[in-house]
Every structure is written in structure tokens, then in C-alpha cells.
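Engineer: Here's a structure for you.
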Amino acid sequence: MVCFRLSLAPGSGLVLLCLVLGAVSSYALELTLMNSEKATCLYAKWQMNFTIGYETTSNKYKIVTISGLGNATYNGSTCGDDQTGPKIEVQFGSGFSWTVNFTKEVSTYSVENISFSYDTHDNTTFPDAKEKDVFTVYDPVALRIPLDDIFRCNAVLTLQGDKVVQNYWDVHVQAYVQNGTVSTKEFLCDKDKTSTTVAPIVPTSLPSPTTTPTPKEKPETGSYSVNNTNGTCLLATMGLQLNITHDKVTSVININPNTTDFTGSCHSQTALLRLNSSNIKYLDFVFAVKNENRFYLKEVNVSMRLDNGSVFSTANNNLSYWDAPLGSSYMCNKEQTVSVSGAFQINTFDLRVQPFSVIEGKYSTAQECSLDDDTILIPIIVGAGLSGLIIVIVIAYLIGRRKSYAGYQTL
């Protein structure tokens, strides 16, 4: 942990900043603000990432995920005064800034609003961006919390915008710390109230080089959709089974659609379906258009907490699965495997997806995968039958000729 003090504007006191490194390109940000009496007045610890879509100079639509916040600064963060409420400001990367404002009432305080700004002049993050400008998204939150409580939400909270998706998890914040002591009384978000917490499993011995997982039954099929201003723009129906190898231990996890939330976004060239639950921070399926007439699964990103408490994350943006013509859906009822990496595969069951050109919220005609196509069996069966018949005729002919020769032997 790296901690340092900053002197802010007169009257705002001292700021103690701590940045704790997280796992796999994910950072937990921890901030403690202190007033002029050197007493803690605000405490916050959280993780976040952002998915941003933008149009390129070639009129394509690209999606970029911002998750590395290791170079964050907190200039402008303050405990507030009689005129203004507390505020957290974070700056990171090239031109990214994030702000959350708090307000106070008699016995409660509120997370009033969140704003996020990004600069598409940054060619490294936004190559070939058509519009070069600083964009800001503003989201009112109005989350009310008892004054003496610390707000906690381990589950993923998502703010869905037209071009920006914001994700927050492992959130702990108390904007009005009483008497300089952070409260131990937690006010939980709705998702944490309903989720079941799995106690971490602490290994008592070193695992064997490869642990074979117990086979899982077929996962339950879930139905997912994404809406935009024009209605439903993406449909997906599938049973999902995750195969994860982490620290030489293999796990098989069935996705329960009844406890899984879903969000996403739709654009002319790309579409995103994001799943999350109490242990899955995000499981992204990114679809893209190719050759202006077909779609396919281009990218999968995942970050989740395993039973032993560790975090597993991986991504692949160079996939080529679920290929079908635009205006149709892709269907595969048989078990199919999407190999994301050597350590992560997804088995799908009863799959049907349509990420583009959805009409009236219904699937279009499906293109079936080769595993489902039984019509290919007909010529195989006919060919095999004909081959067998020909073999029988040839054998019968040879036997007949042999008997014929035997009848004309010289006495």
C-alpha cells in the first residue's frame, strides 16, 4: 500500500491517499480524507471500470474497456463545508476524470450524482476516433444512506449509458464520518441483501498438479436481452457452463440465470451483452459485423471471484464463433465450446443469439450450427447403404463364378 499526504486549498485540511493494487489489471482505490483537525471526515474504497464506444473515421464502431487505474490522482477531493457537500475526484490515464458528489440531510446522506469524462484526442486509447473532443456523461444516483452507516456493495453496480457503461463493485463509502471514526455498521445495497455469500475455501495443502473437476449437470437455460431507444436490439438464449483453470485447479461453474443480471449496448457495427452476479463481476460477449453482411462473436471478457476467494480474469478479442448472416439468428442446441484461452472455456447449451436487426423483439430465422444439422446424415446413410449393397452383389457374383468353373472340370 502506498500512502501520501496532499495539501489542498485553505480550509479543506489534509488528504491521506492510499492506493492498493488489485488483481489482474484491476485496482482497488482507497481514499481517506482528513479535516483541519486531522480527524477522518470521509472514507471510500471501491473498484470500477468503464466500457466506452466510439465511431472511427471509417464509420466503424469500436469498444474500449478502461480498467487500469493504477496512476490515479485525487486532486479536488474534499470533505466539504457548510456551503458544499463532500466530493471525490479521481484523475487517471490520458484525460480521464471521475467525480462523485454527496449531500446531507438531517439523519441521512446521499450519493447525489456521478460524472465521468474522457478525451478522444488520446490516439492510444481511441485510435482513429472520428470526433476529437472531451465527452462527459452525467448520472443522477440519489442513493440515500443513514448518516451513521457506511455503505457497502460487493456486487456489481452498473450505470448504463448510450456510449458508456460504468461498473462499480467492492464499494465501501462513508461520506460523513462521525467523530473521526469510520462506522462498522453497514448499509447494504439491494444486491448484497439478496445474494448469498460463499465463505472462502482456504487450502490446507498444496493442490495436485491438475485437479479434475466433478462433472456438472447441464446448466439451466437463461433468456437475456438488451434494449435501446428503439426497443429490443439484442436477444440471447443459452445455458452457460464455465470451465476455469486457476493455480492448477480446474473448476466447472454453471451460470444460474435466476441470479444473474444482464446489461449491454447496441450499435451499428458492434453489440455487447454483459452478465454479472454476486461472484461474476462481468462476463462480456462482444459481437461484431464482418463483410457488411454477417455477424459473429468477436470478444469475450471475464472477471470473477472463485470459491477460494481469488480473482480470475481473462480476455480474448480475436475470436470467431457463432457466425451467421445479418438479419438472422444463430442457433446451436447441441453442446458447443467457446475456447477463450487455455485457462477459460465456455460450454453452451440450447444456444440462440441475435445481436443485430431484431424486429419486434423476436428472433429471425435461425442459421443452425453444423452439430445440429441432421440433414447431412441422409446422404451418408444412403451412401453407406448403397456401398453395402454393391459389396454384397460383388461377393455373390464371385461365389457364383467359382461354382460355375467347378461344374466343368475334366473327368
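Chain labels A, B, ... are given in the sequence in which chains occur in the C-alpha cells; within each chain residues are numbered consecutively from 1, and ligands are likewise numbered from 1 in the order shown.
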Please, which residues of stretch 267-384 of chain A, numbered as in this document, come out helix (DSSP H, G or I) from DSSP, as a PyMOL selection string?
Structural biologist: chain A and resi 374-384
Engineer: Give me, as a count of residues only, the residues of stretch 112-335 of chain A that a backbone DSSP run labels strand (DSSP E or B).
Structural biologist: 126
Engineer: Find the residue from A:Thr136, A:Thr158, A:Gln83, A:Asn333 that sits nearest to A:Gln367; use only C-alpha atoms when measuring.
Structural biologist: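 Smallest separation from A:Gln367 among the options: A:Asn333.
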Engineer: Choose the residue, out of A:Tyr224, A:Cys41, A:Leu29, A:Ser58, that has the smallest atom-to-atom separation from A:Phe92; count only C-alpha atoms.
Structural biologist: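 Looking at the shortest contact to A:Phe92, the residue is A:Leu29.
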Engineer: Using atom CA of A:Lys185 and atom CA of A:Tyr168 as the two end points, give the distance in Å to one decimal.
Structural biologist: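 Those two atoms sit 20.9 Å apart.
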Engineer: Which residues come within 7 Å of A:Val156, counting only C-alpha atoms, excluding same-chain residues fewer than 5 positions away, as a PDB file with N, CA, C and O atoms, in the first residue's frame?
Structural biologist:
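Wrote selection-v4.pdb, looks like this:
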```pdb
ATOM      1  N   ASN A 167     -19.088   0.324 -14.338  1.00  0.00           N
ATOM      2  CA  ASN A 167     -19.263  -0.776 -13.395  1.00  0.00           C
ATOM      3  C   ASN A 167     -18.513  -0.476 -12.098  1.00  0.00           C
ATOM      4  O   ASN A 167     -17.343  -0.075 -12.121  1.00  0.00           O
ATOM      5  N   TYR A 168     -19.190  -0.700 -10.980  1.00  0.00           N
ATOM      6  CA  TYR A 168     -18.612  -0.483  -9.653  1.00  0.00           C
ATOM      7  C   TYR A 168     -18.865  -1.719  -8.805  1.00  0.00           C
ATOM      8  O   TYR A 168     -19.948  -2.303  -8.850  1.00  0.00           O
ATOM      9  N   TRP A 169     -17.847  -2.115  -8.018  1.00  0.00           N
ATOM     10  CA  TRP A 169     -18.017  -3.257  -7.127  1.00  0.00           C
ATOM     11  C   TRP A 169     -17.048  -3.127  -5.943  1.00  0.00           C
ATOM     12  O   TRP A 169     -16.153  -2.291  -5.952  1.00  0.00           O
ATOM     13  N   ASN A 276     -23.602 -10.372 -15.029  1.00  0.00           N
ATOM     14  CA  ASN A 276     -22.923 -10.261 -13.741  1.00  0.00           C
ATOM     15  C   ASN A 276     -23.807 -10.838 -12.652  1.00  0.00           C
ATOM     16  O   ASN A 276     -25.033 -10.890 -12.780  1.00  0.00           O
ATOM     17  N   LYS A 281     -18.058 -10.463 -11.671  1.00  0.00           N
ATOM     18  CA  LYS A 281     -18.042  -9.011 -11.835  1.00  0.00           C
ATOM     19  C   LYS A 281     -18.547  -8.634 -13.225  1.00  0.00           C
ATOM     20  O   LYS A 281     -19.358  -7.729 -13.375  1.00  0.00           O
TER      21      LYS A 281
END
```
Engineer: Could you check the closest approach to A:His267 for each of A:Ser357, A:Gln174, A:Ser310, A:Asn317 and tell me which residue wins, using only C-alpha atoms?
Structural biologist: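 The answer is A:Ser357, which sits nearest to A:His267.
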Engineer: Using only C-alpha atoms, which residues sit within 10 Å of stretch 300-306 of chain A once same-chain residues fewer than 2 positions away are excluded, as a ChimeraX atom specification?
Structural biologist: /A:23-24,26,65,198,200-201,244,246,251,253,272-287,297-298,308-319,338-341,344,346
Engineer: Go ahead and write the selection's residues with N, CA and C atoms as a compact mmCIF listing (two decimals), in the first residue's frame.
Structural biologist:
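And here's result_9.txt as it stands now:
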```
# COMPACT_ATOMS: atom_id res chain seq x y z
N ALA A 23 -6.09 -7.32 -8.39
CA ALA A 23 -5.64 -8.48 -9.15
C ALA A 23 -6.00 -8.31 -10.62
N VAL A 24 -5.07 -8.68 -11.47
CA VAL A 24 -5.25 -8.81 -12.90
C VAL A 24 -5.83 -7.53 -13.51
N SER A 26 -6.85 -4.87 -12.35
CA SER A 26 -7.96 -4.25 -11.64
C SER A 26 -7.40 -3.64 -10.36
N THR A 65 -12.30 -0.90 -23.23
CA THR A 65 -12.54 -1.05 -21.79
C THR A 65 -11.40 -0.41 -21.01
N VAL A 198 -20.58 -16.80 -0.31
CA VAL A 198 -19.90 -18.09 -0.18
C VAL A 198 -18.62 -17.88 0.59
N PRO A 200 -14.94 -18.18 1.73
CA PRO A 200 -13.74 -18.61 1.01
C PRO A 200 -13.23 -19.95 1.53
N ILE A 201 -12.76 -20.77 0.61
CA ILE A 201 -12.18 -22.05 0.95
C ILE A 201 -10.67 -21.90 1.01
N ILE A 244 -12.81 -23.28 -15.79
CA ILE A 244 -11.73 -22.38 -15.39
C ILE A 244 -10.59 -23.17 -14.79
N HIS A 246 -7.22 -22.37 -12.71
CA HIS A 246 -6.54 -21.30 -11.99
C HIS A 246 -5.69 -21.91 -10.88
N SER A 251 -12.08 -25.71 -12.26
CA SER A 251 -13.43 -25.58 -11.71
C SER A 251 -14.44 -25.57 -12.86
N ILE A 253 -18.32 -24.31 -13.45
CA ILE A 253 -19.35 -23.47 -12.82
C ILE A 253 -20.51 -23.29 -13.79
N LEU A 272 -22.94 -5.49 -27.37
CA LEU A 272 -22.38 -6.03 -26.14
C LEU A 272 -23.48 -6.60 -25.26
N LEU A 273 -23.27 -7.83 -24.78
CA LEU A 273 -24.11 -8.44 -23.74
C LEU A 273 -23.22 -8.68 -22.54
N ARG A 274 -23.57 -8.09 -21.39
CA ARG A 274 -22.77 -8.22 -20.17
C ARG A 274 -23.60 -8.91 -19.09
N LEU A 275 -23.07 -9.99 -18.53
CA LEU A 275 -23.70 -10.71 -17.44
C LEU A 275 -22.92 -10.45 -16.16
N ASN A 276 -23.60 -10.37 -15.03
CA ASN A 276 -22.92 -10.26 -13.74
C ASN A 276 -23.81 -10.84 -12.65
N SER A 277 -23.16 -11.27 -11.58
CA SER A 277 -23.87 -11.84 -10.44
C SER A 277 -23.05 -11.57 -9.19
N SER A 278 -23.38 -12.23 -8.09
CA SER A 278 -22.68 -11.97 -6.83
C SER A 278 -21.21 -12.34 -6.91
N ASN A 279 -20.84 -13.33 -7.74
CA ASN A 279 -19.43 -13.72 -7.85
C ASN A 279 -18.83 -13.38 -9.21
N ILE A 280 -19.64 -13.01 -10.18
CA ILE A 280 -19.14 -12.64 -11.50
C ILE A 280 -19.21 -11.12 -11.64
N LYS A 281 -18.06 -10.46 -11.67
CA LYS A 281 -18.04 -9.01 -11.84
C LYS A 281 -18.55 -8.63 -13.22
N TYR A 282 -18.05 -9.33 -14.24
CA TYR A 282 -18.59 -9.16 -15.58
C TYR A 282 -18.19 -10.35 -16.46
N LEU A 283 -19.11 -10.75 -17.30
CA LEU A 283 -18.87 -11.74 -18.35
C LEU A 283 -19.42 -11.11 -19.62
N ASP A 284 -18.52 -10.63 -20.48
CA ASP A 284 -18.90 -9.87 -21.67
C ASP A 284 -18.86 -10.74 -22.92
N PHE A 285 -19.90 -10.62 -23.73
CA PHE A 285 -19.93 -11.19 -25.08
C PHE A 285 -20.04 -10.02 -26.05
N VAL A 286 -19.00 -9.81 -26.85
CA VAL A 286 -18.97 -8.70 -27.80
C VAL A 286 -19.12 -9.26 -29.22
N PHE A 287 -20.14 -8.80 -29.92
CA PHE A 287 -20.41 -9.24 -31.29
C PHE A 287 -20.00 -8.13 -32.26
N LEU A 297 -19.31 -13.75 -32.96
CA LEU A 297 -18.81 -13.45 -31.62
C LEU A 297 -17.33 -13.15 -31.73
N LYS A 298 -16.95 -11.90 -31.45
CA LYS A 298 -15.58 -11.44 -31.65
C LYS A 298 -14.77 -11.45 -30.36
N ASN A 308 -12.31 -19.99 -3.72
CA ASN A 308 -11.22 -19.84 -2.75
C ASN A 308 -10.88 -18.38 -2.46
N GLY A 309 -11.69 -17.46 -2.97
CA GLY A 309 -11.50 -16.04 -2.69
C GLY A 309 -10.63 -15.31 -3.69
N SER A 310 -9.92 -16.03 -4.60
CA SER A 310 -9.06 -15.37 -5.58
C SER A 310 -9.89 -14.83 -6.73
N VAL A 311 -9.30 -13.89 -7.48
CA VAL A 311 -9.97 -13.28 -8.62
C VAL A 311 -9.38 -13.84 -9.90
N PHE A 312 -10.25 -14.28 -10.80
CA PHE A 312 -9.82 -14.80 -12.11
C PHE A 312 -10.31 -13.85 -13.19
N SER A 313 -9.39 -13.42 -14.06
CA SER A 313 -9.74 -12.53 -15.17
C SER A 313 -9.00 -12.95 -16.42
N THR A 314 -9.66 -12.87 -17.55
CA THR A 314 -9.02 -13.12 -18.83
C THR A 314 -9.86 -12.49 -19.93
N ALA A 315 -9.29 -12.33 -21.12
CA ALA A 315 -10.00 -11.71 -22.24
C ALA A 315 -9.40 -12.20 -23.55
N ASN A 316 -10.22 -12.19 -24.59
CA ASN A 316 -9.77 -12.51 -25.93
C ASN A 316 -10.64 -11.73 -26.91
N ASN A 317 -10.01 -10.83 -27.69
CA ASN A 317 -10.76 -10.01 -28.65
C ASN A 317 -10.51 -10.43 -30.08
N ASN A 318 -10.10 -11.70 -30.26
CA ASN A 318 -9.81 -12.20 -31.61
C ASN A 318 -10.48 -13.55 -31.83
N LEU A 319 -11.74 -13.66 -31.42
CA LEU A 319 -12.49 -14.90 -31.57
C LEU A 319 -13.25 -14.91 -32.90
N VAL A 338 -16.76 -22.63 -26.54
CA VAL A 338 -16.06 -21.41 -26.95
C VAL A 338 -14.76 -21.36 -26.16
N SER A 339 -13.65 -21.51 -26.85
CA SER A 339 -12.34 -21.52 -26.19
C SER A 339 -11.79 -20.09 -26.16
N VAL A 340 -11.88 -19.46 -24.99
CA VAL A 340 -11.42 -18.08 -24.83
C VAL A 340 -9.91 -18.05 -24.62
N SER A 341 -9.39 -18.94 -23.79
CA SER A 341 -7.96 -19.05 -23.54
C SER A 341 -7.69 -20.47 -23.05
N PHE A 344 -9.61 -20.84 -19.85
CA PHE A 344 -11.02 -20.50 -19.75
C PHE A 344 -11.77 -20.91 -21.02
N ILE A 346 -15.98 -21.83 -22.39
CA ILE A 346 -17.41 -21.74 -22.09
C ILE A 346 -18.13 -22.81 -22.90
```
Engineer: Nearest to A:Gly264 among A:Val289, A:Val173, A:Ala236, A:Ala129, with distances taken over only C-alpha atoms: which residue is it?
Structural biologist: A:Ala236
Engineer: Can you tell me which residues surround A:Phe295 at a distance of at most 9 Å, considering only C-alpha atoms, apart from same-chain residues fewer than 4 positions away, and format the answer as a list in words?
Structural biologist: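 Skipping anything fewer than 4 positions along the chain leaves Gln269, Thr270, Phe287, Ala288, Val289, Lys290, Asn291, Trp322, Asp323, Ala324, Pro325, Leu326, Gln354, Pro355 and Phe356 of chain A.
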